[in-house]
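Trainee: Before we start, here is the structure in question, set down as structure tokens.
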Amino acid sequence: MAKDLLKFPMAKDLFELANYILGYDLLKLCLEGPKDQLDQTKFCQPAVMVCSLAAIEKLKEERPNAIANCVATAGFSLGEITSLTFAGALGFERALQLVKIRAEAMQLASEAYKGGMMTVMYGPDSKLNFACLKAKEWALDRGDEFPECRIANYLYPHCKVVSGSESV
């Protein structure tokens with residue numbers, strides 16, 4: 001992750017500044033791992049943001065007109081913060097501090113409650129809320145005292161993220 005971006009000085013500078021802000025060597029983690037550490041939300045999210053902005057630095061050098069002619073930017077979830085940074089609405093330092101706090105909070109939440117999430121694409125006649133209710137009933141019948149299964153995120157029509165307890 002990020003190896004091909006290092007030949008671009010501005011991209012490398014982002015990693016050096018990130019190391020200072022985060023308090024660990026993000027570039028080393030991206031290049032050498034360990035993968036199980038990089039897979040943790042508290043490390044993965046800063047890595048994705050910095051790598052995304054480093055890729056923009058690469059694009060600036062390789063195709064400057066692509067950046068010069070850019071009239072809008074957008075992102076989803078973590079990508080919204082990255083997009084705001086690219087647009088100049090947030091400075092890199094403040095954005096990375098925000099991502100660090102967000103990622104650490106999400107990591108704590110994921111460790112406090114054993115469960116999971118999945119993206120569900122479904123047809124117009126599907127009954128996703130009913131399916132969640134049935135999943136909770138199934139888990140209750142098998143001894144889970146407090147099962148959870150619910151729509152956690154509305155992505156777009158006929159596509160939602162469902163979250164639930166481990167038993168569901």
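Chain identifiers are assigned as A, B, and so on, following the order in which chains appear in the structure tokens; residues are numbered from 1 within each chain, and ligands are numbered from 1 in order of appearance.
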Using backbone DSSP assignments, extract all strand (DSSP E) residues from chain A; output them as a VMD selection string.
Mentor: chain A and resid 115 to 121 149 to 156 159 to 165
Trainee: Please provide the set of residues having any atom within 8 Å of segment 57-61 of chain A, restricted to only C-alpha atoms, with same-chain residues fewer than 3 positions apart removed, written as a VMD selection string.
Mentor: chain A and resid 5 8 10 to 11 53 to 54 64 to 67
Trainee: Generate a file of the selected residues that holds N, CA and C atoms, formatted as an mmCIF file, in the first residue's frame.
Mentor:
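Output contents, as saved in selection00.cif:
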data_model
loop_
_atom_site.group_PDB
_atom_site.id
_atom_site.type_symbol
_atom_site.label_atom_id
_atom_site.label_comp_id
_atom_site.auth_asym_id
_atom_site.auth_seq_id
_atom_site.Cartn_x
_atom_site.Cartn_y
_atom_site.Cartn_z
ATOM 1 N N LEU A 5 3.615 5.492 -4.701
ATOM 2 C CA LEU A 5 3.428 6.929 -4.510
ATOM 3 C C LEU A 5 4.672 7.633 -3.991
ATOM 4 N N PHE A 8 6.927 10.531 -5.586
ATOM 5 C CA PHE A 8 6.382 11.884 -5.700
ATOM 6 C C PHE A 8 6.637 12.619 -4.385
ATOM 7 N N MET A 10 5.744 15.390 -2.880
ATOM 8 C CA MET A 10 4.628 15.902 -2.075
ATOM 9 C C MET A 10 3.872 14.761 -1.402
ATOM 10 N N ALA A 11 3.773 13.624 -2.068
ATOM 11 C CA ALA A 11 3.117 12.459 -1.470
ATOM 12 C C ALA A 11 3.927 11.965 -0.276
ATOM 13 N N LEU A 53 -4.919 10.991 -0.572
ATOM 14 C CA LEU A 53 -4.373 12.323 -0.846
ATOM 15 C C LEU A 53 -3.009 12.239 -1.527
ATOM 16 N N ALA A 54 -2.237 11.217 -1.192
ATOM 17 C CA ALA A 54 -0.950 11.004 -1.870
ATOM 18 C C ALA A 54 -1.183 10.655 -3.342
ATOM 19 N N PRO A 64 -1.664 17.155 -14.629
ATOM 20 C CA PRO A 64 -2.046 18.391 -13.935
ATOM 21 C C PRO A 64 -3.374 18.984 -14.400
ATOM 22 N N ASN A 65 -3.727 18.765 -15.652
ATOM 23 C CA ASN A 65 -5.005 19.291 -16.141
ATOM 24 C C ASN A 65 -6.196 18.621 -15.469
ATOM 25 N N ALA A 66 -6.038 17.389 -15.061
ATOM 26 C CA ALA A 66 -7.134 16.700 -14.374
ATOM 27 C C ALA A 66 -7.484 17.422 -13.076
ATOM 28 N N ILE A 67 -6.467 17.908 -12.396
ATOM 29 C CA ILE A 67 -6.694 18.649 -11.157
ATOM 30 C C ILE A 67 -7.152 20.072 -11.474
#
Trainee: Going by DSSP on the backbone, which bits of segment 2-159 of chain A are helix (DSSP H, G or I)? Write them as an mmCIF file with N, CA and C atoms, in the first residue's frame, please.
Mentor:
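The result, written out as states_1.cif:
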data_model
loop_
_atom_site.group_PDB
_atom_site.id
_atom_site.type_symbol
_atom_site.label_atom_id
_atom_site.label_comp_id
_atom_site.auth_asym_id
_atom_site.auth_seq_id
_atom_site.Cartn_x
_atom_site.Cartn_y
_atom_site.Cartn_z
ATOM 1 N N LYS A 3 3.394 2.132 -2.008
ATOM 2 C CA LYS A 3 4.758 2.024 -2.529
ATOM 3 C C LYS A 3 4.957 2.845 -3.802
ATOM 4 N N ASP A 4 4.002 2.790 -4.707
ATOM 5 C CA ASP A 4 4.139 3.490 -5.985
ATOM 6 C C ASP A 4 4.022 5.010 -5.857
ATOM 7 N N LEU A 5 3.615 5.492 -4.701
ATOM 8 C CA LEU A 5 3.428 6.929 -4.510
ATOM 9 C C LEU A 5 4.672 7.633 -3.991
ATOM 10 N N PRO A 9 7.487 13.640 -4.412
ATOM 11 C CA PRO A 9 7.917 14.305 -3.170
ATOM 12 C C PRO A 9 6.770 14.800 -2.286
ATOM 13 N N MET A 10 5.744 15.390 -2.880
ATOM 14 C CA MET A 10 4.628 15.902 -2.075
ATOM 15 C C MET A 10 3.872 14.761 -1.402
ATOM 16 N N ALA A 11 3.773 13.624 -2.068
ATOM 17 C CA ALA A 11 3.117 12.459 -1.470
ATOM 18 C C ALA A 11 3.927 11.965 -0.276
ATOM 19 N N LYS A 12 5.221 11.898 -0.455
ATOM 20 C CA LYS A 12 6.096 11.467 0.639
ATOM 21 C C LYS A 12 5.999 12.435 1.817
ATOM 22 N N ASP A 13 5.902 13.727 1.527
ATOM 23 C CA ASP A 13 5.759 14.735 2.584
ATOM 24 C C ASP A 13 4.490 14.515 3.406
ATOM 25 N N LEU A 14 3.416 14.088 2.747
ATOM 26 C CA LEU A 14 2.171 13.813 3.475
ATOM 27 C C LEU A 14 2.383 12.719 4.511
ATOM 28 N N PHE A 15 3.111 11.683 4.134
ATOM 29 C CA PHE A 15 3.372 10.594 5.077
ATOM 30 C C PHE A 15 4.236 11.066 6.246
ATOM 31 N N GLU A 16 5.215 11.905 5.965
ATOM 32 C CA GLU A 16 6.074 12.409 7.043
ATOM 33 C C GLU A 16 5.274 13.256 8.028
ATOM 34 N N LEU A 17 4.394 14.100 7.523
ATOM 35 C CA LEU A 17 3.542 14.900 8.390
ATOM 36 C C LEU A 17 2.554 14.006 9.144
ATOM 37 N N ALA A 18 2.042 12.992 8.477
ATOM 38 C CA ALA A 18 1.119 12.052 9.121
ATOM 39 C C ALA A 18 1.789 11.340 10.290
ATOM 40 N N ASN A 19 3.042 10.961 10.132
ATOM 41 C CA ASN A 19 3.761 10.293 11.221
ATOM 42 C C ASN A 19 3.776 11.164 12.468
ATOM 43 N N TYR A 20 4.004 12.449 12.277
ATOM 44 C CA TYR A 20 4.037 13.395 13.396
ATOM 45 C C TYR A 20 2.654 13.515 14.045
ATOM 46 N N ILE A 21 1.625 13.658 13.239
ATOM 47 C CA ILE A 21 0.261 13.838 13.745
ATOM 48 C C ILE A 21 -0.247 12.575 14.435
ATOM 49 N N LEU A 22 0.009 11.420 13.831
ATOM 50 C CA LEU A 22 -0.527 10.158 14.344
ATOM 51 C C LEU A 22 0.294 9.584 15.494
ATOM 52 N N LEU A 26 3.251 5.713 9.822
ATOM 53 C CA LEU A 26 2.190 5.245 8.934
ATOM 54 C C LEU A 26 2.751 4.630 7.661
ATOM 55 N N LEU A 27 3.763 5.246 7.094
ATOM 56 C CA LEU A 27 4.333 4.721 5.855
ATOM 57 C C LEU A 27 4.896 3.323 6.066
ATOM 58 N N LYS A 28 5.610 3.121 7.146
ATOM 59 C CA LYS A 28 6.159 1.795 7.445
ATOM 60 C C LYS A 28 5.034 0.775 7.601
ATOM 61 N N LEU A 29 3.967 1.168 8.283
ATOM 62 C CA LEU A 29 2.829 0.268 8.449
ATOM 63 C C LEU A 29 2.207 -0.066 7.096
ATOM 64 N N CYS A 30 2.073 0.928 6.227
ATOM 65 C CA CYS A 30 1.502 0.685 4.897
ATOM 66 C C CYS A 30 2.383 -0.222 4.050
ATOM 67 N N LEU A 31 3.691 -0.047 4.158
ATOM 68 C CA LEU A 31 4.618 -0.809 3.317
ATOM 69 C C LEU A 31 4.945 -2.191 3.866
ATOM 70 N N GLU A 32 5.076 -2.294 5.181
ATOM 71 C CA GLU A 32 5.576 -3.527 5.788
ATOM 72 C C GLU A 32 4.562 -4.254 6.673
ATOM 73 N N LYS A 35 -0.156 -6.826 8.425
ATOM 74 C CA LYS A 35 -1.470 -6.656 7.823
ATOM 75 C C LYS A 35 -2.574 -6.637 8.866
ATOM 76 N N ASP A 36 -2.490 -7.501 9.886
ATOM 77 C CA ASP A 36 -3.559 -7.534 10.886
ATOM 78 C C ASP A 36 -3.652 -6.210 11.650
ATOM 79 N N GLN A 37 -2.551 -5.507 11.790
ATOM 80 C CA GLN A 37 -2.592 -4.186 12.425
ATOM 81 C C GLN A 37 -3.200 -3.170 11.460
ATOM 82 N N LEU A 38 -2.783 -3.206 10.215
ATOM 83 C CA LEU A 38 -3.311 -2.282 9.217
ATOM 84 C C LEU A 38 -4.806 -2.503 8.988
ATOM 85 N N THR A 41 -9.418 -0.702 12.234
ATOM 86 C CA THR A 41 -9.995 0.584 11.840
ATOM 87 C C THR A 41 -9.139 1.768 12.268
ATOM 88 N N LYS A 42 -8.570 1.712 13.470
ATOM 89 C CA LYS A 42 -7.819 2.874 13.964
ATOM 90 C C LYS A 42 -6.553 3.147 13.153
ATOM 91 N N PHE A 43 -6.068 2.150 12.431
ATOM 92 C CA PHE A 43 -4.909 2.341 11.555
ATOM 93 C C PHE A 43 -5.320 2.441 10.087
ATOM 94 N N CYS A 44 -6.333 1.682 9.717
ATOM 95 C CA CYS A 44 -6.764 1.617 8.317
ATOM 96 C C CYS A 44 -7.295 2.955 7.813
ATOM 97 N N GLN A 45 -8.127 3.611 8.611
ATOM 98 C CA GLN A 45 -8.738 4.852 8.131
ATOM 99 C C GLN A 45 -7.718 5.964 7.877
ATOM 100 N N PRO A 46 -6.782 6.219 8.804
ATOM 101 C CA PRO A 46 -5.755 7.212 8.465
ATOM 102 C C PRO A 46 -4.945 6.803 7.230
ATOM 103 N N ALA A 47 -4.669 5.509 7.097
ATOM 104 C CA ALA A 47 -3.903 5.034 5.942
ATOM 105 C C ALA A 47 -4.657 5.292 4.639
ATOM 106 N N VAL A 48 -5.938 5.012 4.627
ATOM 107 C CA VAL A 48 -6.737 5.232 3.415
ATOM 108 C C VAL A 48 -6.777 6.717 3.064
ATOM 109 N N MET A 49 -6.966 7.557 4.071
ATOM 110 C CA MET A 49 -7.017 8.995 3.796
ATOM 111 C C MET A 49 -5.689 9.506 3.238
ATOM 112 N N VAL A 50 -4.594 9.174 3.906
ATOM 113 C CA VAL A 50 -3.287 9.677 3.468
ATOM 114 C C VAL A 50 -2.926 9.102 2.102
ATOM 115 N N CYS A 51 -3.185 7.828 1.876
ATOM 116 C CA CYS A 51 -2.897 7.238 0.560
ATOM 117 C C CYS A 51 -3.744 7.886 -0.534
ATOM 118 N N SER A 52 -4.989 8.195 -0.230
ATOM 119 C CA SER A 52 -5.852 8.850 -1.215
ATOM 120 C C SER A 52 -5.319 10.227 -1.582
ATOM 121 N N LEU A 53 -4.919 10.991 -0.572
ATOM 122 C CA LEU A 53 -4.373 12.323 -0.846
ATOM 123 C C LEU A 53 -3.009 12.239 -1.527
ATOM 124 N N ALA A 54 -2.237 11.217 -1.192
ATOM 125 C CA ALA A 54 -0.950 11.004 -1.870
ATOM 126 C C ALA A 54 -1.183 10.655 -3.342
ATOM 127 N N ALA A 55 -2.232 9.890 -3.615
ATOM 128 C CA ALA A 55 -2.569 9.565 -5.007
ATOM 129 C C ALA A 55 -2.963 10.823 -5.779
ATOM 130 N N ILE A 56 -3.592 11.764 -5.095
ATOM 131 C CA ILE A 56 -3.918 13.040 -5.740
ATOM 132 C C ILE A 56 -2.639 13.800 -6.084
ATOM 133 N N GLU A 57 -1.654 13.730 -5.200
ATOM 134 C CA GLU A 57 -0.364 14.377 -5.493
ATOM 135 C C GLU A 57 0.283 13.750 -6.732
ATOM 136 N N LYS A 58 0.150 12.444 -6.848
ATOM 137 C CA LYS A 58 0.664 11.758 -8.040
ATOM 138 C C LYS A 58 -0.067 12.258 -9.288
ATOM 139 N N LEU A 59 -1.380 12.361 -9.185
ATOM 140 C CA LEU A 59 -2.181 12.840 -10.309
ATOM 141 C C LEU A 59 -1.800 14.272 -10.685
ATOM 142 N N LYS A 60 -1.523 15.108 -9.688
ATOM 143 C CA LYS A 60 -1.108 16.494 -9.961
ATOM 144 C C LYS A 60 0.142 16.536 -10.827
ATOM 145 N N GLU A 61 1.051 15.615 -10.582
ATOM 146 C CA GLU A 61 2.302 15.602 -11.350
ATOM 147 C C GLU A 61 2.132 14.938 -12.711
ATOM 148 N N GLU A 62 1.362 13.864 -12.757
ATOM 149 C CA GLU A 62 1.234 13.113 -14.008
ATOM 150 C C GLU A 62 0.207 13.709 -14.962
ATOM 151 N N PRO A 64 -1.664 17.155 -14.629
ATOM 152 C CA PRO A 64 -2.046 18.391 -13.935
ATOM 153 C C PRO A 64 -3.374 18.984 -14.400
ATOM 154 N N ASN A 65 -3.727 18.765 -15.652
ATOM 155 C CA ASN A 65 -5.005 19.291 -16.141
ATOM 156 C C ASN A 65 -6.196 18.621 -15.469
ATOM 157 N N ALA A 66 -6.038 17.389 -15.061
ATOM 158 C CA ALA A 66 -7.134 16.700 -14.374
ATOM 159 C C ALA A 66 -7.484 17.422 -13.076
ATOM 160 N N ILE A 67 -6.467 17.908 -12.396
ATOM 161 C CA ILE A 67 -6.694 18.649 -11.157
ATOM 162 C C ILE A 67 -7.152 20.072 -11.474
ATOM 163 N N ALA A 68 -6.490 20.714 -12.415
ATOM 164 C CA ALA A 68 -6.828 22.098 -12.765
ATOM 165 C C ALA A 68 -8.261 22.226 -13.268
ATOM 166 N N LEU A 78 -15.566 8.012 5.168
ATOM 167 C CA LEU A 78 -14.218 8.557 5.310
ATOM 168 C C LEU A 78 -13.842 9.398 4.092
ATOM 169 N N GLY A 79 -14.307 9.004 2.936
ATOM 170 C CA GLY A 79 -14.015 9.734 1.708
ATOM 171 C C GLY A 79 -14.548 11.156 1.699
ATOM 172 N N GLU A 80 -15.571 11.431 2.518
ATOM 173 C CA GLU A 80 -16.074 12.803 2.610
ATOM 174 C C GLU A 80 -15.013 13.721 3.217
ATOM 175 N N ILE A 81 -14.316 13.225 4.231
ATOM 176 C CA ILE A 81 -13.260 14.019 4.866
ATOM 177 C C ILE A 81 -12.103 14.209 3.887
ATOM 178 N N THR A 82 -11.750 13.149 3.192
ATOM 179 C CA THR A 82 -10.690 13.240 2.186
ATOM 180 C C THR A 82 -11.077 14.242 1.101
ATOM 181 N N SER A 83 -12.308 14.195 0.669
ATOM 182 C CA SER A 83 -12.795 15.107 -0.361
ATOM 183 C C SER A 83 -12.749 16.559 0.111
ATOM 184 N N LEU A 84 -13.161 16.800 1.347
ATOM 185 C CA LEU A 84 -13.104 18.158 1.898
ATOM 186 C C LEU A 84 -11.667 18.662 1.989
ATOM 187 N N THR A 85 -10.745 17.753 2.262
ATOM 188 C CA THR A 85 -9.328 18.118 2.330
ATOM 189 C C THR A 85 -8.813 18.475 0.941
ATOM 190 N N PHE A 86 -9.118 17.636 -0.031
ATOM 191 C CA PHE A 86 -8.714 17.909 -1.417
ATOM 192 C C PHE A 86 -9.283 19.242 -1.898
ATOM 193 N N ALA A 87 -10.528 19.530 -1.514
ATOM 194 C CA ALA A 87 -11.188 20.764 -1.946
ATOM 195 C C ALA A 87 -10.640 22.003 -1.237
ATOM 196 N N PHE A 92 -4.923 19.632 5.864
ATOM 197 C CA PHE A 92 -4.489 18.243 6.039
ATOM 198 C C PHE A 92 -4.341 17.874 7.513
ATOM 199 N N GLU A 93 -3.691 18.733 8.287
ATOM 200 C CA GLU A 93 -3.437 18.414 9.693
ATOM 201 C C GLU A 93 -4.738 18.233 10.457
ATOM 202 N N ARG A 94 -5.667 19.183 10.300
ATOM 203 C CA ARG A 94 -6.948 19.115 11.010
ATOM 204 C C ARG A 94 -7.756 17.903 10.546
ATOM 205 N N ALA A 95 -7.752 17.651 9.259
ATOM 206 C CA ALA A 95 -8.494 16.510 8.721
ATOM 207 C C ALA A 95 -7.942 15.198 9.266
ATOM 208 N N LEU A 96 -6.625 15.062 9.304
ATOM 209 C CA LEU A 96 -6.039 13.817 9.799
ATOM 210 C C LEU A 96 -6.277 13.657 11.297
ATOM 211 N N GLN A 97 -6.263 14.751 12.043
ATOM 212 C CA GLN A 97 -6.608 14.669 13.468
ATOM 213 C C GLN A 97 -8.043 14.181 13.634
ATOM 214 N N LEU A 98 -8.940 14.705 12.828
ATOM 215 C CA LEU A 98 -10.340 14.284 12.856
ATOM 216 C C LEU A 98 -10.469 12.803 12.519
ATOM 217 N N VAL A 99 -9.789 12.369 11.477
ATOM 218 C CA VAL A 99 -9.840 10.961 11.073
ATOM 219 C C VAL A 99 -9.264 10.069 12.168
ATOM 220 N N LYS A 100 -8.204 10.495 12.803
ATOM 221 C CA LYS A 100 -7.593 9.716 13.891
ATOM 222 C C LYS A 100 -8.587 9.526 15.036
ATOM 223 N N ILE A 101 -9.229 10.610 15.462
ATOM 224 C CA ILE A 101 -10.210 10.526 16.548
ATOM 225 C C ILE A 101 -11.387 9.651 16.136
ATOM 226 N N ARG A 102 -11.878 9.841 14.925
ATOM 227 C CA ARG A 102 -13.004 9.055 14.407
ATOM 228 C C ARG A 102 -12.651 7.572 14.368
ATOM 229 N N ALA A 103 -11.477 7.268 13.843
ATOM 230 C CA ALA A 103 -11.054 5.873 13.706
ATOM 231 C C ALA A 103 -10.861 5.210 15.066
ATOM 232 N N GLU A 104 -10.288 5.933 16.012
ATOM 233 C CA GLU A 104 -10.103 5.374 17.355
ATOM 234 C C GLU A 104 -11.444 5.122 18.031
ATOM 235 N N ALA A 105 -12.399 6.035 17.862
ATOM 236 C CA ALA A 105 -13.732 5.848 18.434
ATOM 237 C C ALA A 105 -14.434 4.647 17.804
ATOM 238 N N MET A 106 -14.315 4.516 16.492
ATOM 239 C CA MET A 106 -14.931 3.376 15.814
ATOM 240 C C MET A 106 -14.284 2.069 16.243
ATOM 241 N N GLN A 107 -12.969 2.082 16.455
ATOM 242 C CA GLN A 107 -12.264 0.890 16.918
ATOM 243 C C GLN A 107 -12.779 0.479 18.297
ATOM 244 N N LEU A 108 -12.898 1.443 19.216
ATOM 245 C CA LEU A 108 -13.406 1.149 20.562
ATOM 246 C C LEU A 108 -14.821 0.592 20.504
ATOM 247 N N ALA A 109 -15.658 1.183 19.672
ATOM 248 C CA ALA A 109 -17.037 0.707 19.548
ATOM 249 C C ALA A 109 -17.083 -0.716 19.009
ATOM 250 N N SER A 110 -16.234 -1.008 18.042
ATOM 251 C CA SER A 110 -16.245 -2.357 17.458
ATOM 252 C C SER A 110 -15.722 -3.403 18.434
ATOM 253 N N GLU A 111 -14.845 -2.995 19.342
ATOM 254 C CA GLU A 111 -14.321 -3.930 20.340
ATOM 255 C C GLU A 111 -15.285 -4.110 21.509
ATOM 256 N N ALA A 112 -16.125 -3.108 21.766
ATOM 257 C CA ALA A 112 -17.048 -3.162 22.900
ATOM 258 C C ALA A 112 -18.256 -4.046 22.616
ATOM 259 N N LEU A 128 -36.794 -6.070 3.934
ATOM 260 C CA LEU A 128 -35.556 -6.094 4.702
ATOM 261 C C LEU A 128 -35.808 -5.930 6.198
ATOM 262 N N ASN A 129 -36.685 -5.021 6.595
ATOM 263 C CA ASN A 129 -36.986 -4.862 8.023
ATOM 264 C C ASN A 129 -37.577 -6.141 8.603
ATOM 265 N N PHE A 130 -38.424 -6.802 7.835
ATOM 266 C CA PHE A 130 -39.011 -8.064 8.282
ATOM 267 C C PHE A 130 -37.929 -9.136 8.424
ATOM 268 N N ALA A 131 -37.005 -9.175 7.486
ATOM 269 C CA ALA A 131 -35.895 -10.134 7.562
ATOM 270 C C ALA A 131 -35.053 -9.884 8.810
ATOM 271 N N CYS A 132 -34.818 -8.618 9.143
ATOM 272 C CA CYS A 132 -34.065 -8.294 10.367
ATOM 273 C C CYS A 132 -34.818 -8.775 11.603
ATOM 274 N N LEU A 133 -36.118 -8.557 11.625
ATOM 275 C CA LEU A 133 -36.940 -9.019 12.747
ATOM 276 C C LEU A 133 -36.861 -10.534 12.886
ATOM 277 N N LYS A 134 -36.954 -11.252 11.793
ATOM 278 C CA LYS A 134 -36.874 -12.717 11.823
ATOM 279 C C LYS A 134 -35.491 -13.188 12.278
ATOM 280 N N ALA A 135 -34.447 -12.489 11.882
ATOM 281 C CA ALA A 135 -33.093 -12.842 12.326
ATOM 282 C C ALA A 135 -32.969 -12.677 13.835
ATOM 283 N N LYS A 136 -33.551 -11.618 14.381
ATOM 284 C CA LYS A 136 -33.531 -11.411 15.836
ATOM 285 C C LYS A 136 -34.305 -12.517 16.550
ATOM 286 N N GLU A 137 -35.453 -12.887 16.007
ATOM 287 C CA GLU A 137 -36.248 -13.967 16.608
ATOM 288 C C GLU A 137 -35.470 -15.276 16.588
ATOM 289 N N TRP A 138 -34.797 -15.549 15.488
ATOM 290 C CA TRP A 138 -33.991 -16.764 15.354
ATOM 291 C C TRP A 138 -32.913 -16.801 16.427
ATOM 292 N N ALA A 139 -32.230 -15.679 16.633
ATOM 293 C CA ALA A 139 -31.168 -15.612 17.644
ATOM 294 C C ALA A 139 -31.740 -15.750 19.053
ATOM 295 N N LEU A 140 -32.894 -15.164 19.303
ATOM 296 C CA LEU A 140 -33.548 -15.312 20.614
ATOM 297 C C LEU A 140 -33.861 -16.773 20.895
ATOM 298 N N ASP A 141 -34.381 -17.476 19.898
ATOM 299 C CA ASP A 141 -34.707 -18.902 20.038
ATOM 300 C C ASP A 141 -33.478 -19.744 20.346
#
Trainee: Neighbours of Met118 of chain A within 7 Å (only C-alpha atoms; same-chain residues fewer than 6 positions away dropped), as a CSV table (one decimal) with N, CA and C atoms, in the first residue's frame?
Mentor:
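To be explicit, this is the file written out as out_31.csv:
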chain,number,residue,atom,x,y,z
A,161,VAL,N,-27.0,-1.0,4.5
A,161,VAL,CA,-26.0,-1.8,5.4
A,161,VAL,C,-26.8,-2.2,6.6
A,162,VAL,N,-26.7,-3.5,6.9
A,162,VAL,CA,-27.4,-4.1,8.0
A,162,VAL,C,-26.3,-4.4,9.0
A,163,SER,N,-26.6,-4.1,10.3
A,163,SER,CA,-25.7,-4.5,11.4
A,163,SER,C,-26.4,-5.4,12.3
Trainee: Atom CA of Ser77 of chain A and atom CA of Gly116 of chain A, how far apart in Å?
Mentor: 17.4 Å
Trainee: Can you tell me how far atom CA of Lys7 of chain A sits from atom CA of Gly75 of chain A, in Å to one decimal?
Mentor: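 Result for atom CA of Lys7 of chain A versus atom CA of Gly75 of chain A: 25.8 Å, one decimal.
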